[in-house]
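The file run12.tsv contains TSV, C-alpha atoms:
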chain	number	residue	atom	x	y	z
O	2	MET	CA	0.00	0.00	0.00
O	3	VAL	CA	2.63	2.50	1.09
O	4	ASP	CA	4.89	1.31	-1.71
O	5	ASP	CA	2.16	1.93	-4.26
O	6	VAL	CA	1.63	5.48	-3.02
O	7	LEU	CA	5.36	6.18	-3.10
O	8	MET	CA	5.59	4.83	-6.65
O	9	LEU	CA	2.67	7.03	-7.76
O	10	VAL	CA	4.32	10.09	-6.19
O	11	ASP	CA	7.53	9.24	-8.02
O	12	ILE	CA	5.75	8.91	-11.38
O	13	ALA	CA	3.91	12.20	-10.82
O	14	ARG	CA	7.22	13.90	-9.95
O	15	GLN	CA	8.79	12.68	-13.18
O	16	ILE	CA	5.80	13.71	-15.30
O	17	ILE	CA	5.67	17.21	-13.81
O	18	GLY	CA	9.44	17.53	-14.17
O	19	VAL	CA	9.42	16.59	-17.85
O	20	GLY	CA	6.44	18.93	-18.44
O	21	ALA	CA	8.33	21.81	-16.83
O	22	LEU	CA	11.40	21.02	-18.97
O	23	LEU	CA	9.34	21.07	-22.18
O	24	LEU	CA	7.50	24.28	-21.22
O	25	GLY	CA	10.87	25.85	-20.40
O	26	SER	CA	12.22	24.81	-23.81
O	27	LEU	CA	9.21	26.44	-25.46
O	28	ALA	CA	9.72	29.65	-23.45
O	29	ILE	CA	13.42	29.71	-24.38
O	30	LEU	CA	12.62	29.30	-28.09
O	31	LEU	CA	9.95	32.03	-27.97
O	32	GLY	CA	12.26	34.40	-26.13
O	33	ALA	CA	15.06	33.80	-28.63
O	34	ILE	CA	12.70	34.43	-31.58
O	35	GLY	CA	11.60	37.65	-29.86
O	36	LEU	CA	15.25	38.61	-29.41
O	37	LEU	CA	15.76	38.19	-33.15
O	38	ARG	CA	12.59	39.78	-34.50
O	39	LEU	CA	11.56	42.68	-32.25
O	40	GLY	CA	12.19	46.27	-33.19
O	41	ASP	CA	14.73	48.02	-30.97
O	42	VAL	CA	16.89	47.40	-27.89
O	43	TYR	CA	14.11	48.01	-25.39
O	44	GLN	CA	11.73	45.61	-27.12
O	45	ARG	CA	14.43	42.97	-27.47
O	46	MET	CA	14.96	43.17	-23.69
O	47	HIS	CA	11.46	41.72	-23.41
O	48	GLY	CA	12.53	38.61	-25.31
O	49	ALA	CA	15.71	38.33	-23.24
O	50	GLY	CA	13.58	38.66	-20.11
O	51	ILE	CA	11.42	35.72	-21.20
O	52	VAL	CA	14.56	33.61	-21.62
O	53	ASP	CA	15.94	34.73	-18.25
O	54	THR	CA	12.79	34.27	-16.13
O	55	GLY	CA	10.34	31.88	-17.81
O	56	GLY	CA	12.83	29.70	-19.63
O	57	ALA	CA	15.52	29.45	-16.97
O	58	GLY	CA	12.97	29.18	-14.15
O	59	LEU	CA	10.97	26.38	-15.78
O	60	VAL	CA	14.02	24.40	-16.93
O	61	LEU	CA	15.62	24.65	-13.49
O	62	LEU	CA	12.30	23.67	-11.84
O	63	GLY	CA	12.13	20.60	-14.09
O	64	LEU	CA	15.72	19.65	-13.26
O	65	LEU	CA	14.98	20.20	-9.56
O	66	LEU	CA	12.04	17.78	-9.74
O	67	LEU	CA	14.15	15.22	-11.64
O	68	SER	CA	17.25	15.54	-9.46
O	69	PRO	CA	18.45	12.20	-8.05
O	70	ASP	CA	20.14	13.55	-4.92
O	71	TRP	CA	19.71	16.40	-2.45
O	72	THR	CA	23.18	17.84	-3.12
O	73	VAL	CA	22.21	18.23	-6.80
O	74	ALA	CA	18.98	19.94	-5.72
O	75	VAL	CA	20.94	22.39	-3.54
O	76	ARG	CA	23.17	23.34	-6.49
O	77	ILE	CA	20.16	23.85	-8.76
O	78	VAL	CA	18.52	26.13	-6.17
O	79	LEU	CA	21.84	28.04	-5.94
O	80	ILE	CA	22.02	28.51	-9.73
O	81	GLY	CA	18.36	29.61	-9.82
O	82	GLY	CA	18.92	32.14	-7.05
O	83	LEU	CA	21.99	33.53	-8.83
O	84	LEU	CA	20.10	33.88	-12.13
O	85	ILE	CA	17.09	35.49	-10.40
O	86	MET	CA	19.35	38.06	-8.73
O	87	THR	CA	21.77	38.81	-11.57
O	88	SER	CA	19.76	38.80	-14.81
O	89	PRO	CA	17.32	41.65	-13.92
O	90	THR	CA	20.32	43.63	-12.71
O	91	ALA	CA	22.14	43.08	-15.99
O	92	THR	CA	19.04	43.95	-18.04
O	93	HIS	CA	18.52	47.11	-15.98
O	94	ALA	CA	22.15	48.10	-16.50
O	95	ILE	CA	21.83	47.56	-20.27
O	96	ALA	CA	18.63	49.65	-20.44
O	97	ARG	CA	20.18	52.42	-18.35
O	98	ALA	CA	23.37	52.49	-20.43
O	99	ALA	CA	21.39	52.51	-23.69
O	100	ARG	CA	19.13	55.34	-22.47
O	101	PHE	CA	21.99	57.49	-21.24
O	102	SER	CA	23.96	57.01	-24.42
O	103	GLY	CA	21.07	58.38	-26.48
O	104	VAL	CA	19.31	55.34	-27.98
O	105	GLU	CA	15.72	56.46	-28.49
O	106	PRO	CA	12.92	53.90	-27.97
O	107	ILE	CA	10.45	53.31	-30.81
O	108	LEU	CA	7.15	54.87	-29.72
O	109	SER	CA	3.76	53.50	-30.79
O	110	THR	CA	3.17	55.92	-33.66
O	111	ASP	CA	6.59	55.12	-35.12
O	112	SER	CA	6.02	51.37	-35.00
O	113	LYS	CA	2.54	51.76	-36.50
O	114	ASP	CA	4.02	53.70	-39.39
O	115	LYS	CA	6.77	51.15	-39.84
O	116	GLU	CA	4.59	48.05	-39.60
O	117	GLY	CA	1.51	49.29	-41.46
F	14	MET	CA	11.55	4.70	-18.03
F	15	THR	CA	14.55	6.63	-19.14
F	16	LEU	CA	14.45	10.38	-19.33
F	17	THR	CA	17.31	10.91	-21.79
F	18	PRO	CA	15.13	11.85	-24.85
F	19	TRP	CA	13.49	14.71	-22.95
F	20	PHE	CA	16.86	16.08	-21.93
F	21	SER	CA	18.01	15.92	-25.56
F	22	VAL	CA	14.87	17.81	-26.66
F	23	THR	CA	15.66	20.55	-24.15
F	24	LEU	CA	19.31	20.60	-25.25
F	25	ALA	CA	18.26	20.94	-28.90
F	26	SER	CA	15.95	23.89	-28.21
F	27	ILE	CA	18.66	25.59	-26.13
F	28	GLY	CA	21.09	25.07	-29.03
F	29	ILE	CA	18.71	26.56	-31.59
F	30	SER	CA	18.16	29.54	-29.27
F	31	ILE	CA	21.91	30.04	-28.90
F	32	VAL	CA	22.24	30.13	-32.72
F	33	ILE	CA	19.43	32.72	-32.93
F	34	ALA	CA	21.08	34.82	-30.22
F	35	ILE	CA	24.42	34.63	-32.10
F	36	LEU	CA	22.57	35.92	-35.18
F	37	ARG	CA	21.26	38.87	-33.15
F	38	ALA	CA	24.71	39.51	-31.69
F	39	SER	CA	26.22	39.68	-35.17
F	40	LEU	CA	23.36	41.69	-36.71
F	41	GLY	CA	22.66	44.07	-33.80
F	42	PRO	CA	22.69	47.69	-34.89
F	43	THR	CA	23.87	49.13	-31.59
F	44	ALA	CA	26.42	47.82	-29.13
F	45	PHE	CA	23.69	47.30	-26.55
F	46	ASP	CA	21.93	44.75	-28.77
F	47	ARG	CA	25.18	42.82	-28.86
F	48	VAL	CA	25.63	43.01	-25.08
F	49	LEU	CA	22.02	41.89	-24.56
F	50	ALA	CA	22.47	38.95	-26.94
F	51	VAL	CA	25.75	37.95	-25.29
F	52	ASN	CA	24.08	38.09	-21.86
F	53	THR	CA	21.28	35.85	-23.15
F	54	ILE	CA	23.86	33.45	-24.64
F	55	GLY	CA	25.51	33.27	-21.20
F	56	THR	CA	22.22	32.38	-19.50
F	57	LEU	CA	21.53	29.73	-22.15
F	58	VAL	CA	25.03	28.27	-21.75
F	59	VAL	CA	24.46	27.98	-17.97
F	60	LEU	CA	21.17	26.16	-18.61
F	61	SER	CA	22.70	23.87	-21.23
F	62	ILE	CA	25.54	22.92	-18.87
F	63	CYS	CA	22.93	21.97	-16.22
F	64	VAL	CA	20.84	19.93	-18.66
F	65	TYR	CA	23.94	18.27	-20.12
F	66	GLY	CA	24.96	17.15	-16.64
F	67	PHE	CA	21.62	15.39	-16.27
F	68	PHE	CA	21.76	14.09	-19.86
F	69	ASP	CA	25.13	12.49	-19.27
F	70	GLY	CA	24.40	11.30	-15.74
F	71	ARG	CA	27.16	13.45	-14.27
F	72	PRO	CA	25.59	16.15	-12.05
F	73	GLU	CA	29.05	17.48	-11.13
F	74	PHE	CA	28.60	19.76	-14.15
F	75	LEU	CA	26.34	21.94	-11.97
F	76	ASP	CA	29.40	23.33	-10.15
F	77	ILE	CA	30.72	24.59	-13.50
F	78	ALA	CA	27.31	26.14	-14.19
F	79	VAL	CA	27.46	28.14	-10.92
F	80	LEU	CA	30.82	29.58	-12.02
F	81	TYR	CA	29.47	30.45	-15.48
F	82	ALA	CA	26.50	32.30	-13.96
F	83	LEU	CA	28.84	34.45	-11.85
F	84	ILE	CA	31.28	35.13	-14.71
F	85	ASN	CA	28.42	36.03	-17.08
F	86	PHE	CA	27.05	38.71	-14.75
F	87	ILE	CA	30.45	40.22	-13.98
F	88	GLY	CA	31.35	40.24	-17.68
F	89	THR	CA	28.17	42.06	-18.68
F	90	ILE	CA	28.63	44.74	-16.03
F	91	ALA	CA	32.30	45.16	-16.99
F	92	ILE	CA	31.49	45.57	-20.72
F	93	LEU	CA	28.78	48.17	-19.96
F	94	LYS	CA	31.09	50.09	-17.66
F	95	PHE	CA	33.78	50.05	-20.32
F	96	PHE	CA	31.33	51.43	-22.92
F	97	ARG	CA	30.22	54.19	-20.60
F	98	HIS	CA	33.51	55.36	-19.16
F	99	GLY	CA	36.17	54.08	-21.55
F	100	THR	CA	37.97	52.46	-18.63
F	101	LEU	CA	37.10	49.73	-16.18
F	102	GLY	CA	36.98	52.20	-13.30
F	103	ASP	CA	40.61	52.66	-12.34
F	104	HIS	CA	41.12	56.14	-13.82
F	105	LEU	CA	37.65	57.69	-13.55
F	106	PRO	CA	37.36	61.45	-13.26
F	107	PRO	CA	35.88	62.32	-9.84
F	108	GLU	CA	32.54	63.69	-11.11
F	109	ASP	CA	31.67	60.47	-12.94
F	110	THR	CA	32.25	58.02	-10.14
F	111	HIS	CA	28.65	58.13	-8.84
F	112	ASN	CA	27.17	57.01	-12.17
F	113	GLY	CA	28.73	53.52	-12.26
Entire entry expressed as structure tokens:
Amino acid sequence: MVDDVLMLVDIARQIIGVGALLLGSLAILLGAIGLLRLGDVYQRMHGAGIVDTGGAGLVLLGLLLLSPDWTVAVRIVLIGGLLIMTSPTATHAIARAARFSGVEPILSTDSKDKEG
Amino acid sequence: MTLTPWFSVTLASIGISIVIAILRASLGPTAFDRVLAVNTIGTLVVLSICVYGFFDGRPEFLDIAVLYALINFIGTIAILKFFRHGTLGDHLPPEDTHNG
């Protein structure tokens, strides 16, 4: 009885882990396509932000659920914490440097003229 | 049930994304596009090192991924500071030091 419950929990853990890995792969691909196709630096930061938060978070969550050992889980939590702290800081620094060096963002009227 | 095919799917999508980010880094009209693409490539390399450790059954690769995450952040900040000031901070004029 207890063994059956433990086996079911293990199967559910693996299924959720693989699902999180696949969703993270999708988020990474979408973020990379956004990084390639959007209009200017500030819009491309949106795609990079999807890769940094959605993609990295979901892939690391999947690996955390599939990790065989608690030392591996500790390292994955450490990597996730580092990425959560450093990637918004880096994106903010890039936006600030671009703004202060005179890169103008595309406003809505400009993009409507360009796209339409 | 072996999980290796799912890890290889994730590795393939990370690889395609790295190629797309390299395209953006080589196309990018301003320097900030290139820095943004290189920062994204760094994040993707950290993730691919983690997934490759699981794919190969050697989770010791995660230690290398921790180091890559730290080096990626420090490298991005150093490149931006070099663009802004022309130095890495050792010979800044006194009125610019608060804008790091």
**Request:** Could you please select, counting only C-alpha atoms, the residues of chain O within 6 Å of chain F and state them as a ChimeraX atom specification?
**Result:** /O:26,30,33,37,42,80
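For Ala74 in chain O, the non-local neighbours within 10 Å, defined as residues at least 6 positions apart in the same chain or in other chains and counting all atoms listed in the file, are Leu61, Leu62, Leu64, Leu65, Leu66, Leu67, Ser68 and Ile80 of chain O; Pro72 and Leu75 of chain F.
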Can you tell me, as a compact mmCIF listing (two decimals) with C-alpha atoms, keeping the file's coordinate frame, what residues are no more than 7 Å from range 50-52 of chain O when counting all atoms listed in the file, ignoring any on the same chain fewer than 6 positions away?
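out21.txt, freshly written:
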# COMPACT_ATOMS: atom_id res chain seq x y z
CA ALA O 28 9.72 29.65 -23.45
CA ILE O 29 13.42 29.71 -24.38
CA GLY O 32 12.26 34.40 -26.13
Could you put an axis-aligned box around every listed atom of range 14-21 of chain F, padded by 5 Å on each side, and send me its centre and edge lengths in Å to one decimal, as lines of an AutoDock Vina configuration file?
center_x = 14.8
center_y = 10.4
center_z = -21.8
size_x = 16.5
size_y = 21.4
size_z = 17.5
**Prompt:** Which residue, O:Gly25, O:Pro69, O:Asp11, O:Met86, has the smallest gap to Ala57 in chain O when you use all atoms listed in the file?
**Reply:**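 Between O:Gly25, O:Pro69, O:Asp11, O:Met86, the residue approaching Ala57 in chain O most closely is O:Gly25.
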**Asked** Could you state the separation of CA of Ala49 in chain O and CA of Leu36 in chain O in Å, given to one decimal place?
**Response**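 Here the two named atoms are 6.2 Å from each other.
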**Request:** Might you pull out every residue within 8 Å of Gly81 in chain O, with all atoms listed in the file counted and same-chain residues fewer than 3 positions away left off, and present them as a PyMOL selection string?
**Result:** chain O and resi 57-58+61+77-78+84-85
Any chance you can output those residues with C-alpha atoms as a PDB file, in the frame of the given file?
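Saved result, out.pdb, follows:
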ATOM      1  CA  ALA O  57      15.520  29.450 -16.970  1.00  0.00           C
ATOM      2  CA  GLY O  58      12.970  29.180 -14.150  1.00  0.00           C
ATOM      3  CA  LEU O  61      15.620  24.650 -13.490  1.00  0.00           C
ATOM      4  CA  ILE O  77      20.160  23.850  -8.760  1.00  0.00           C
ATOM      5  CA  VAL O  78      18.520  26.130  -6.170  1.00  0.00           C
ATOM      6  CA  LEU O  84      20.100  33.880 -12.130  1.00  0.00           C
ATOM      7  CA  ILE O  85      17.090  35.490 -10.400  1.00  0.00           C
TER       8      ILE O  85
END
**Asked** CA of Val51 in chain F to CA of Leu108 in chain O: how many Å, to one decimal?
**Response**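 Interatomic distance, CA of Val51 in chain F to CA of Leu108 in chain O: 25.5 Å.
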**Prompt:** For Gln15 in chain O, which residue among F:Phe95, F:Thr15, F:Tyr65, F:Gly55 is the nearest when counting all atoms listed in the file?
**Reply:**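 Of F:Phe95, F:Thr15, F:Tyr65, F:Gly55, the one nearest Gln15 in chain O is F:Thr15, counting all atoms listed in the file.
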**Asked** Can you tell me how far CA of Ala21 in chain O sits from CA of Gly55 in chain O, in Å to one decimal?
**Response** 10.3 Å
**Nearest residue to His98 in chain F from the set O:Gln44, O:Thr54, O:Ser102, O:Thr92 (distances using all atoms listed in the file)** = O:Ser102
